[in-house]
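**Student:** Enclosed is the structure file run.csv (CSV, C-alpha atoms).
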chain,number,residue,atom,x,y,z
A,7,MET,CA,0.0,0.0,0.0
A,8,HIS,CA,2.8,2.4,0.9
A,9,LEU,CA,4.7,1.6,-2.3
A,10,GLY,CA,1.4,2.4,-4.2
A,11,LEU,CA,1.3,5.8,-2.5
A,12,TYR,CA,4.8,6.6,-3.5
A,13,LEU,CA,4.1,5.5,-7.1
A,14,THR,CA,0.8,7.5,-7.2
A,15,ALA,CA,2.6,10.7,-6.0
A,16,ALA,CA,5.4,10.1,-8.6
A,17,VAL,CA,3.0,9.7,-11.5
A,18,LEU,CA,1.1,12.8,-10.5
A,19,LEU,CA,4.3,14.8,-10.1
A,20,ALA,CA,5.7,13.6,-13.5
A,21,ALA,CA,2.4,14.4,-15.2
A,22,PHE,CA,2.3,17.9,-13.6
A,23,ASN,CA,5.9,18.6,-14.8
A,24,ARG,CA,5.1,17.4,-18.2
A,25,VAL,CA,1.9,19.4,-18.6
A,26,VAL,CA,2.8,22.6,-16.8
A,27,HIS,CA,6.6,22.8,-17.3
A,28,HIS,CA,6.9,20.7,-20.5
A,29,PHE,CA,9.5,18.4,-18.9
A,30,PRO,CA,10.7,15.6,-21.2
A,31,TRP,CA,9.4,12.1,-20.8
A,32,GLY,CA,12.8,11.0,-19.5
A,33,SER,CA,12.6,13.3,-16.6
A,34,GLY,CA,9.2,11.9,-15.6
A,35,ALA,CA,10.5,8.4,-15.9
A,36,LYS,CA,13.4,9.2,-13.6
A,37,ILE,CA,10.9,10.7,-11.0
A,38,ILE,CA,8.8,7.5,-11.2
A,39,SER,CA,11.8,5.2,-10.9
A,40,GLY,CA,13.4,7.1,-8.0
A,41,MET,CA,10.1,7.3,-6.1
A,42,ALA,CA,9.5,3.6,-6.6
A,43,PHE,CA,13.0,2.9,-5.4
A,44,LEU,CA,12.5,5.0,-2.2
A,45,GLY,CA,8.9,3.7,-1.8
A,46,LEU,CA,10.1,0.1,-1.8
A,47,PHE,CA,12.7,0.8,0.9
A,48,ALA,CA,10.1,2.7,3.0
A,49,ALA,CA,7.5,-0.1,2.6
A,50,MET,CA,10.1,-2.8,3.6
A,51,ASP,CA,11.2,-0.8,6.6
A,52,LEU,CA,7.6,-0.2,7.7
A,53,SER,CA,6.8,-3.9,7.3
A,54,LEU,CA,9.8,-4.8,9.5
A,55,SER,CA,8.7,-2.2,12.1
A,56,GLN,CA,5.2,-3.6,12.1
A,57,GLY,CA,6.6,-7.1,12.5
A,58,ARG,CA,8.5,-6.0,15.6
A,59,ARG,CA,5.3,-4.4,17.1
A,60,ALA,CA,3.4,-7.6,16.3
A,61,PHE,CA,6.1,-9.7,17.9
A,62,GLU,CA,6.0,-7.6,21.1
A,63,LEU,CA,2.2,-7.8,21.3
A,64,LEU,CA,2.2,-11.6,20.7
A,65,SER,CA,4.8,-11.9,23.5
A,66,LYS,CA,2.3,-10.7,26.0
A,67,GLN,CA,-0.4,-13.2,25.0
A,68,PRO,CA,-0.6,-16.7,26.5
A,69,GLY,CA,-0.3,-19.6,24.1
A,70,GLU,CA,0.8,-19.6,20.5
A,71,ALA,CA,-0.5,-16.9,18.1
A,72,GLY,CA,1.0,-17.1,14.6
A,73,GLY,CA,1.3,-15.4,11.3
A,74,PRO,CA,0.0,-16.6,7.9
A,75,ASP,CA,-0.1,-20.3,7.1
A,76,ARG,CA,1.6,-19.7,3.7
A,77,PHE,CA,5.3,-20.4,4.0
A,78,TRP,CA,7.6,-17.9,2.4
A,79,PRO,CA,11.3,-18.7,2.9
A,80,ILE,CA,13.8,-16.0,3.6
A,81,PRO,CA,16.0,-16.8,0.6
A,82,ARG,CA,13.0,-16.3,-1.7
A,83,LYS,CA,12.2,-13.0,0.0
A,84,LEU,CA,15.7,-11.7,-0.3
A,85,SER,CA,16.0,-12.9,-3.9
A,86,ALA,CA,12.7,-11.1,-4.8
A,87,LEU,CA,13.9,-7.9,-3.0
A,88,ALA,CA,17.3,-8.0,-4.7
A,89,LEU,CA,15.6,-8.5,-8.1
A,90,VAL,CA,13.2,-5.6,-7.7
A,91,LEU,CA,15.9,-3.3,-6.3
A,92,GLY,CA,18.3,-4.2,-9.0
A,93,LEU,CA,15.7,-3.5,-11.7
A,94,LEU,CA,14.8,-0.1,-10.2
A,95,LEU,CA,18.4,0.9,-9.6
A,96,GLY,CA,19.3,-0.2,-13.1
A,97,SER,CA,16.5,1.8,-14.6
A,98,ILE,CA,17.6,4.9,-12.6
A,99,PHE,CA,21.2,4.6,-13.7
A,100,PHE,CA,20.1,4.0,-17.3
A,101,LEU,CA,18.0,7.2,-17.3
A,102,VAL,CA,20.7,9.2,-15.6
A,103,VAL,CA,23.4,7.9,-18.0
A,104,ASN,CA,21.2,8.5,-21.0
A,105,LYS,CA,20.6,12.1,-20.0
A,106,ASP,CA,24.2,12.7,-19.1
A,107,LEU,CA,25.5,11.3,-22.4
A,108,ASP,CA,23.3,13.8,-24.2
A,109,TRP,CA,24.7,16.5,-22.1
A,110,MET,CA,28.3,15.5,-22.6
A,111,LEU,CA,27.9,15.2,-26.4
A,112,GLY,CA,26.7,18.8,-26.5
A,113,ALA,CA,29.4,20.1,-24.1
A,114,ASN,CA,32.4,22.0,-25.4
A,115,LYS,CA,35.9,21.6,-23.9
A,116,GLU,CA,35.4,24.4,-21.4
A,117,THR,CA,32.3,22.8,-19.9
A,118,LEU,CA,33.4,19.2,-20.2
A,119,LYS,CA,35.2,19.1,-16.9
A,120,GLU,CA,32.3,20.7,-15.2
A,121,ALA,CA,30.0,18.2,-16.7
A,122,GLN,CA,32.2,15.3,-15.5
A,123,ARG,CA,32.1,16.7,-11.9
A,124,ALA,CA,28.3,17.1,-12.1
A,125,ILE,CA,27.9,13.5,-13.4
A,126,LEU,CA,30.1,12.1,-10.7
A,127,LEU,CA,28.2,14.0,-8.1
A,128,GLU,CA,24.9,12.8,-9.5
A,129,PHE,CA,26.1,9.2,-9.5
A,130,GLY,CA,27.5,9.6,-6.0
A,131,PHE,CA,24.3,11.1,-4.7
A,132,VAL,CA,22.3,8.1,-6.1
A,133,VAL,CA,24.7,5.6,-4.6
A,134,LEU,CA,24.8,7.3,-1.2
A,135,VAL,CA,21.0,7.4,-1.1
A,136,ALA,CA,20.7,3.8,-2.1
A,137,LEU,CA,23.4,2.7,0.5
A,138,GLY,CA,21.8,4.8,3.2
A,139,HIS,CA,18.4,3.2,2.7
A,140,LEU,CA,20.0,-0.3,2.3
A,141,PHE,CA,21.9,0.2,5.6
A,142,ASN,CA,18.7,1.3,7.4
A,143,LEU,CA,16.9,-1.8,6.0
A,144,ILE,CA,19.6,-4.1,7.1
A,145,LEU,CA,19.6,-2.5,10.6
A,146,SER,CA,15.8,-2.9,10.9
A,147,PHE,CA,16.1,-6.5,9.8
A,148,ALA,CA,18.8,-7.0,12.4
A,149,LYS,CA,16.5,-5.6,15.1
A,150,ASN,CA,13.9,-8.2,14.2
A,151,LEU,CA,16.4,-11.0,14.3
A,152,GLY,CA,17.7,-9.8,17.6
A,153,LEU,CA,14.2,-9.7,19.0
A,154,PHE,CA,13.5,-13.2,17.8
A,155,PHE,CA,16.7,-14.8,19.0
A,156,GLU,CA,16.3,-13.1,22.4
A,157,SER,CA,12.8,-14.4,22.8
A,158,GLN,CA,13.8,-17.9,21.6
A,159,SER,CA,16.8,-18.0,23.9
A,160,ASN,CA,14.8,-16.8,26.9
A,161,VAL,CA,12.0,-19.4,26.3
A,162,LEU,CA,14.5,-22.2,25.9
A,163,ALA,CA,16.4,-21.1,29.0
A,164,GLN,CA,13.1,-21.3,30.9
A,165,VAL,CA,12.4,-24.8,29.4
A,166,ALA,CA,15.9,-25.9,30.5
A,167,GLY,CA,15.0,-24.7,34.0
A,168,GLY,CA,11.8,-26.7,34.1
A,169,SER,CA,9.3,-23.9,33.3
A,170,LEU,CA,6.9,-24.6,30.4
A,171,GLU,CA,4.7,-21.6,30.8
A,172,ARG,CA,5.9,-19.4,27.9
A,173,ASN,CA,5.8,-19.8,24.1
A,174,VAL,CA,7.8,-18.1,21.4
A,175,PRO,CA,5.6,-15.7,19.3
A,176,VAL,CA,5.1,-16.8,15.7
A,177,ALA,CA,5.1,-13.4,14.1
A,178,SER,CA,6.4,-14.3,10.6
A,179,ASN,CA,5.8,-16.9,7.8
A,180,ASP,CA,9.5,-17.7,7.2
A,181,GLU,CA,12.0,-20.0,8.7
A,182,PHE,CA,12.0,-18.0,12.0
A,183,GLY,CA,8.3,-18.5,12.3
A,184,ARG,CA,8.7,-22.2,11.7
A,185,ILE,CA,11.4,-22.4,14.4
A,186,ALA,CA,9.1,-20.6,16.8
A,187,HIS,CA,6.2,-22.9,15.9
A,188,TYR,CA,8.2,-26.1,16.3
A,189,THR,CA,9.6,-24.8,19.6
A,190,ASN,CA,6.0,-24.3,20.8
A,191,GLN,CA,5.1,-27.7,19.7
A,192,MET,CA,8.0,-29.1,21.7
A,193,ILE,CA,6.8,-27.2,24.8
A,194,THR,CA,3.3,-28.5,24.3
A,195,GLY,CA,4.7,-32.0,24.0
A,196,LEU,CA,6.7,-31.6,27.2
A,197,LYS,CA,3.6,-30.3,29.0
A,198,GLN,CA,1.7,-33.4,28.0
A,199,VAL,CA,4.6,-35.6,29.1
A,200,ASN,CA,4.8,-33.8,32.4
A,201,GLN,CA,1.0,-34.1,32.9
A,202,GLU,CA,1.2,-37.8,32.2
A,203,LEU,CA,4.2,-38.2,34.6
A,204,GLY,CA,2.2,-36.3,37.2
A,205,ARG,CA,-0.7,-38.6,36.8
A,206,THR,CA,1.7,-41.6,37.0
A,207,GLN,CA,3.2,-40.2,40.2
A,208,GLU,CA,-0.2,-39.7,41.8
A,209,ALA,CA,-1.3,-43.2,40.8
A,210,THR,CA,1.9,-44.8,42.2
A,211,ILE,CA,1.6,-42.9,45.5
A,212,LEU,CA,-2.1,-43.7,45.9
A,213,ALA,CA,-1.5,-47.3,45.1
A,214,LEU,CA,1.2,-47.6,47.7
A,215,ALA,CA,-0.8,-45.6,50.3
A,216,SER,CA,-3.8,-47.8,49.7
A,217,LEU,CA,-1.6,-50.8,50.3
A,218,ALA,CA,-0.5,-49.4,53.6
A,219,GLU,CA,-4.1,-48.6,54.6
A,220,THR,CA,-5.1,-52.2,54.1
A,221,ARG,CA,-2.7,-53.2,56.9
A,222,ASP,CA,-3.4,-50.3,59.3
A,223,ASN,CA,-6.3,-49.5,61.5
A,224,GLU,CA,-6.3,-45.9,60.3
A,225,THR,CA,-8.9,-44.5,57.8
A,226,GLY,CA,-8.3,-43.2,54.3
A,227,ALA,CA,-9.4,-39.8,55.5
A,228,HIS,CA,-6.2,-39.6,57.6
A,229,VAL,CA,-4.2,-39.6,54.3
A,230,LEU,CA,-6.4,-36.8,52.9
A,231,ARG,CA,-6.1,-34.7,56.0
A,232,THR,CA,-2.4,-35.0,56.6
A,233,GLN,CA,-1.4,-34.2,53.1
A,234,ARG,CA,-3.5,-31.1,53.2
A,235,TYR,CA,-2.0,-30.0,56.6
A,236,VAL,CA,1.5,-30.5,55.1
A,237,ARG,CA,0.6,-28.4,52.0
A,238,ALA,CA,-1.0,-25.6,54.1
A,239,LEU,CA,2.1,-25.5,56.4
A,240,ALA,CA,4.5,-25.6,53.4
A,241,GLU,CA,2.7,-22.8,51.5
A,242,THR,CA,2.8,-20.6,54.7
A,243,LEU,CA,6.5,-21.3,55.2
A,244,ALA,CA,7.2,-20.6,51.5
A,245,GLN,CA,6.1,-17.0,52.1
A,246,ARG,CA,9.2,-16.4,54.2
A,247,PRO,CA,12.1,-15.1,52.1
A,248,GLU,CA,14.6,-17.7,53.5
A,249,PHE,CA,12.4,-20.5,52.3
A,250,ALA,CA,11.0,-19.1,49.0
A,251,GLY,CA,13.8,-20.8,47.0
A,252,SER,CA,13.6,-24.2,48.6
A,253,LEU,CA,9.8,-24.3,48.7
A,254,SER,CA,8.8,-23.4,45.2
A,255,PRO,CA,5.3,-24.4,44.0
A,256,PRO,CA,6.5,-27.6,42.4
A,257,VAL,CA,8.3,-28.7,45.6
A,258,VAL,CA,5.2,-27.9,47.7
A,259,GLU,CA,3.1,-30.0,45.2
A,260,LEU,CA,5.6,-32.9,45.6
A,261,LEU,CA,5.3,-32.6,49.4
A,262,TYR,CA,1.5,-32.8,49.1
A,263,LYS,CA,1.7,-35.8,46.8
A,264,SER,CA,4.3,-37.7,48.8
A,265,ALA,CA,2.7,-37.2,52.2
A,266,PRO,CA,0.4,-40.3,51.9
A,267,LEU,CA,3.5,-42.5,51.9
A,268,HIS,CA,4.7,-41.5,55.4
A,269,ASP,CA,3.6,-44.9,56.9
A,270,ILE,CA,4.2,-47.1,53.9
A,271,GLY,CA,6.7,-49.1,56.0
A,272,LYS,CA,3.8,-50.5,58.2
A,273,VAL,CA,3.3,-53.1,55.5
A,274,GLY,CA,6.4,-54.8,56.9
A,275,ILE,CA,5.1,-54.9,60.5
A,276,ALA,CA,3.4,-58.1,61.8
A,277,ASP,CA,-0.3,-58.0,62.2
A,278,ALA,CA,-0.1,-58.9,65.9
A,279,ILE,CA,1.8,-55.7,66.5
A,280,LEU,CA,0.4,-53.4,63.9
A,281,LEU,CA,-3.3,-54.2,64.8
A,282,LYS,CA,-2.9,-54.7,68.5
A,283,PRO,CA,-5.8,-52.7,70.2
A,284,GLY,CA,-3.9,-52.0,73.4
A,285,LYS,CA,-0.6,-50.5,74.4
A,286,HIS,CA,2.5,-52.1,73.0
A,287,THR,CA,5.2,-53.6,75.1
A,288,ASP,CA,8.7,-52.2,74.9
A,289,GLU,CA,9.7,-55.0,72.5
A,290,GLU,CA,6.6,-54.6,70.4
A,291,PHE,CA,7.1,-50.8,70.2
A,292,ALA,CA,10.7,-51.4,69.1
A,293,GLN,CA,9.4,-53.5,66.3
A,294,MET,CA,6.7,-50.9,65.5
A,295,LYS,CA,9.4,-48.2,65.2
A,296,GLN,CA,11.0,-50.2,62.4
A,297,HIS,CA,8.2,-49.1,60.0
A,298,ALA,CA,10.0,-45.8,59.4
A,299,LEU,CA,13.2,-47.6,58.3
A,300,LEU,CA,11.3,-50.2,56.3
A,301,GLY,CA,9.4,-47.5,54.4
A,302,ALA,CA,12.6,-45.5,53.7
A,303,LYS,CA,14.4,-48.6,52.4
A,304,ALA,CA,11.5,-49.6,50.1
A,305,LEU,CA,11.3,-46.1,48.6
A,306,GLU,CA,15.0,-45.8,48.3
A,307,VAL,CA,15.1,-48.9,46.0
A,308,ALA,CA,12.5,-47.3,43.8
A,309,GLU,CA,14.2,-43.9,43.9
A,310,LYS,CA,17.6,-45.4,42.8
A,311,HIS,CA,15.8,-47.1,39.9
A,312,LEU,CA,14.2,-43.8,38.8
A,313,GLY,CA,17.2,-41.6,39.4
A,314,GLY,CA,18.3,-39.2,42.1
A,315,SER,CA,15.9,-36.4,41.1
A,316,SER,CA,12.9,-38.7,41.5
A,317,PHE,CA,9.8,-37.5,43.3
A,318,LEU,CA,10.3,-40.5,45.6
A,319,LYS,CA,13.2,-38.7,47.3
A,320,ILE,CA,10.8,-36.5,49.2
A,321,ALA,CA,8.6,-39.5,50.0
A,322,LYS,CA,11.6,-41.3,51.4
A,323,GLU,CA,12.6,-38.3,53.6
A,324,ILE,CA,9.0,-38.2,54.9
A,325,ALA,CA,8.8,-41.9,55.7
A,326,TRP,CA,12.2,-42.0,57.3
A,327,THR,CA,12.1,-38.9,59.4
A,328,HIS,CA,8.5,-38.0,60.4
A,329,HIS,CA,9.0,-39.7,63.8
A,330,GLU,CA,12.3,-37.8,64.5
A,331,LYS,CA,12.0,-35.1,67.2
A,332,TRP,CA,13.5,-31.6,67.3
A,333,ASP,CA,15.5,-32.4,70.6
A,334,GLY,CA,16.9,-35.6,69.1
A,335,SER,CA,14.8,-38.0,71.1
A,336,GLY,CA,12.9,-39.4,68.1
A,337,TYR,CA,13.5,-42.4,66.0
A,338,PRO,CA,14.9,-44.3,64.0
A,339,ARG,CA,18.1,-42.3,63.9
A,340,GLY,CA,17.8,-39.7,66.7
A,341,LEU,CA,18.3,-36.7,64.4
A,342,LYS,CA,18.2,-33.3,66.0
A,343,GLY,CA,17.1,-29.9,64.9
A,344,GLU,CA,17.7,-29.0,61.3
A,345,GLU,CA,19.4,-32.4,60.8
A,346,ILE,CA,15.8,-33.5,60.2
A,347,PRO,CA,14.8,-32.8,56.6
A,348,LEU,CA,12.1,-30.1,56.3
A,349,ALA,CA,9.7,-32.7,54.8
A,350,GLY,CA,10.0,-34.8,57.9
A,351,ARG,CA,9.5,-31.9,60.2
A,352,LEU,CA,6.4,-30.8,58.4
A,353,MET,CA,4.9,-34.3,58.4
A,354,ALA,CA,5.6,-34.7,62.1
A,355,ILE,CA,3.2,-31.9,63.1
A,356,ALA,CA,0.6,-33.0,60.6
A,357,ASP,CA,0.7,-36.7,61.6
A,358,VAL,CA,0.7,-36.0,65.4
A,359,TYR,CA,-2.2,-33.5,65.2
A,360,ASP,CA,-4.3,-35.8,63.1
A,361,ALA,CA,-3.6,-38.8,65.3
A,362,LEU,CA,-4.7,-36.8,68.3
A,363,ILE,CA,-8.0,-35.7,66.9
A,364,SER,CA,-8.8,-39.1,65.4
A,365,LYS,CA,-10.4,-42.0,67.2
A,366,ARG,CA,-8.3,-45.2,67.6
A,367,VAL,CA,-9.1,-48.6,69.1
A,368,TYR,CA,-6.7,-47.7,71.9
A,369,LYS,CA,-7.9,-44.1,72.5
A,370,PRO,CA,-10.8,-41.7,71.9
A,371,ALA,CA,-10.6,-38.7,69.6
A,372,PHE,CA,-9.2,-35.6,71.3
A,373,SER,CA,-10.8,-32.2,70.8
A,374,HIS,CA,-9.1,-29.7,68.5
A,375,GLN,CA,-8.2,-27.5,71.5
A,376,LYS,CA,-6.6,-30.4,73.4
A,377,ALA,CA,-4.7,-31.4,70.3
A,378,VAL,CA,-3.3,-27.9,69.7
A,379,ASP,CA,-2.3,-27.6,73.4
A,380,ILE,CA,-0.3,-30.8,73.0
A,381,ILE,CA,1.3,-29.4,69.9
A,382,ALA,CA,2.2,-26.2,71.8
A,383,GLU,CA,3.8,-28.3,74.6
A,384,GLY,CA,6.0,-30.0,72.0
A,385,LYS,CA,7.4,-26.7,70.6
A,386,GLY,CA,11.2,-26.9,70.6
A,387,SER,CA,11.2,-30.5,72.0
A,388,HIS,CA,9.1,-32.6,69.6
A,389,PHE,CA,8.5,-30.1,66.9
A,390,ASP,CA,10.4,-27.4,64.9
A,391,PRO,CA,9.6,-24.2,66.9
A,392,LEU,CA,9.1,-22.2,63.6
A,393,LEU,CA,6.7,-24.7,62.2
A,394,VAL,CA,4.7,-24.7,65.5
A,395,THR,CA,4.4,-20.9,65.2
A,396,LEU,CA,3.2,-21.2,61.7
A,397,PHE,CA,0.8,-24.0,62.7
A,398,PHE,CA,-0.9,-21.6,65.1
A,399,GLN,CA,-1.0,-18.8,62.4
A,400,ILE,CA,-3.1,-21.1,60.2
A,401,GLU,CA,-4.9,-22.9,63.0
A,402,GLU,CA,-8.4,-22.1,61.6
A,403,GLN,CA,-7.3,-23.5,58.2
A,404,ILE,CA,-6.0,-26.7,59.9
A,405,LYS,CA,-9.3,-27.0,61.8
A,406,ALA,CA,-11.4,-26.5,58.6
A,407,ILE,CA,-9.4,-29.3,56.9
A,408,ALA,CA,-10.0,-31.6,59.8
A,409,GLN,CA,-13.8,-30.9,59.7
A,410,GLN,CA,-14.0,-31.1,55.9
A,411,TYR,CA,-12.3,-34.5,55.6
A,412,GLY,CA,-13.7,-36.3,58.6
A,413,ASP,CA,-13.5,-40.0,59.0
A,414,GLN,CA,-16.6,-40.5,56.9
A,415,PHE,CA,-14.2,-40.2,53.9
A,416,THR,CA,-13.1,-43.7,52.8
A,417,GLN,CA,-10.2,-44.9,50.7
A,418,SER,CA,-12.3,-44.9,47.5
A,419,GLU,CA,-12.9,-41.2,47.8
A,420,HIS,CA,-9.3,-40.3,47.3
Please express what this file holds, its structure, as structure tokens.
**Tutor:**
Amino acid sequence: MHLGLYLTAAVLLAAFNRVVHHFPWGSGAKIISGMAFLGLFAAMDLSLSQGRRAFELLSKQPGEAGGPDRFWPIPRKLSALALVLGLLLGSIFFLVVNKDLDWMLGANKETLKEAQRAILLEFGFVVLVALGHLFNLILSFAKNLGLFFESQSNVLAQVAGGSLERNVPVASNDEFGRIAHYTNQMITGLKQVNQELGRTQEATILALASLAETRDNETGAHVLRTQRYVRALAETLAQRPEFAGSLSPPVVELLYKSAPLHDIGKVGIADAILLKPGKHTDEEFAQMKQHALLGAKALEVAEKHLGGSSFLKIAKEIAWTHHEKWDGSGYPRGLKGEEIPLAGRLMAIADVYDALISKRVYKPAFSHQKAVDIIAEGKGSHFDPLLVTLFFQIEEQIKAIAQQYGDQFTQSEH
């Protein structure tokens, strides 16, 4: 459209000069060729500028938004541009040379040197104008390339870091648009794989947790409640600057998913001990305490098979350390303070609170108030003092979870 405006103005100006000032046809042809030459540069520069604006707008939109479906490769674009520019520049030089030859043929010896200087200046002017516009066009194209490569690099860096939330804008119908499109397809594929992996993780955890429940006298609602207590505590702790890095949303989600496996080791405890309705003897309790070690070993085998970054690493920490105590008097290893992994410290409060408010064959359910009083007494001895403080900050949320997921919830409901 902009090239058309230049051509229209050139034709009107040539016609005006021809009719009013009786300029020769060659003069009008030079005006039209020159304006077409400048108009093409202006149109290309404007197109590149619009491409940058479109890219920036698309960068702010979620998902992929692309340009035309018709593919137009860069070599073809550049070849077409070079051909048109060559034809226009050639026609300009032809018209200039033709006019200057007429001038030189009619010049005498005195004016010949002056004619030569004028011709050189004319040619120099045309070359400088052409080179200036060409440089500006190359600079504009380089800006577009820089914008694309920066966006592509940033998105790939985020993908390498585990984030799949951004796409590369598809703002052109050339090779760069294709690269962006295939990058976005890759991101979509990775999202699907991650979703499938997440479902597999959940299915694995629920299957193992269900296995543990079949051997225990606790209800399936205990699993629902404790994992929600853990998530609520972890999300509150993550708001503190010193924990923001270690408790990112994906880590909190893994804590939530892994919490049901805290007692998986109970499958290795004899029924006579595990299901005993009364108080255990010292020997029986020593056997009962082995469930933390048994669970950790079982999960460690699976973790090694899946690799060190497996989601089972957190599940192993929870199973192994949720009976450790802040003062070092817990089991199975007698860890103390921050020697206890954060996952185990979170699970300790969640597990004890829920055990206190739940009815067991060997005890009645305690009230919420009695349970939180016991939690408060364990601050700095049984439990991490900071986590106890946070527990009381979200006490109403904890109480609401306990009420929402009462023991009427069965295994089939989770």
**Student:** Hey, which of A:Val257, A:Ile80, A:Leu63, A:Leu281 ends up closest to Val174 in chain A? Count all atoms listed in the file.
**Tutor:**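 Residue with the minimum atom-to-atom distance to Val174 in chain A: A:Leu63.
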**Student:** Do you have the CA of Phe100 in chain A-CA of Pro81 in chain A distance handy?
**Tutor:**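 Separating CA of Phe100 in chain A from CA of Pro81 in chain A is a distance of 27.7 Å.
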**Student:** In Å to one decimal, how far is CA of Phe154 in chain A from CA of Glu171 in chain A?
**Tutor:**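 One can read the CA of Glu171 in chain A to CA of Phe154 in chain A distance as 17.8 Å.
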**Student:** What's the 8 Å shell around range 135-150 of chain A, counting only C-alpha atoms, without same-chain residues fewer than 6 positions away, as a PyMOL selection string?
**Tutor:** chain A and resi 44+47+50-51+54-55+57-58
**Student:** For the selection just defined, write its residues with C-alpha atoms to a file, as a PDB file, in the frame of the given file.
**Tutor:**
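Ended up saving to again_16.pdb:
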ATOM      1  CA  LEU A  44      12.500   5.000  -2.200  1.00  0.00           C
ATOM      2  CA  PHE A  47      12.700   0.800   0.900  1.00  0.00           C
ATOM      3  CA  MET A  50      10.100  -2.800   3.600  1.00  0.00           C
ATOM      4  CA  ASP A  51      11.200  -0.800   6.600  1.00  0.00           C
ATOM      5  CA  LEU A  54       9.800  -4.800   9.500  1.00  0.00           C
ATOM      6  CA  SER A  55       8.700  -2.200  12.100  1.00  0.00           C
ATOM      7  CA  GLY A  57       6.600  -7.100  12.500  1.00  0.00           C
ATOM      8  CA  ARG A  58       8.500  -6.000  15.600  1.00  0.00           C
TER       9      ARG A  58
END
**Student:** Can you measure CA of Leu299 in chain A to CA of Ala325 in chain A for me? One decimal in Å is fine.
**Tutor:** 7.7 Å
**Student:** If we count all atoms listed in the file, what is near Gly301 in chain A at a cut-off of 6 Å, once residues fewer than 4 positions away on the same chain are taken out, given as a list in words?
**Tutor:** Ile270, Gly271, His297 and Ala325 of chain A
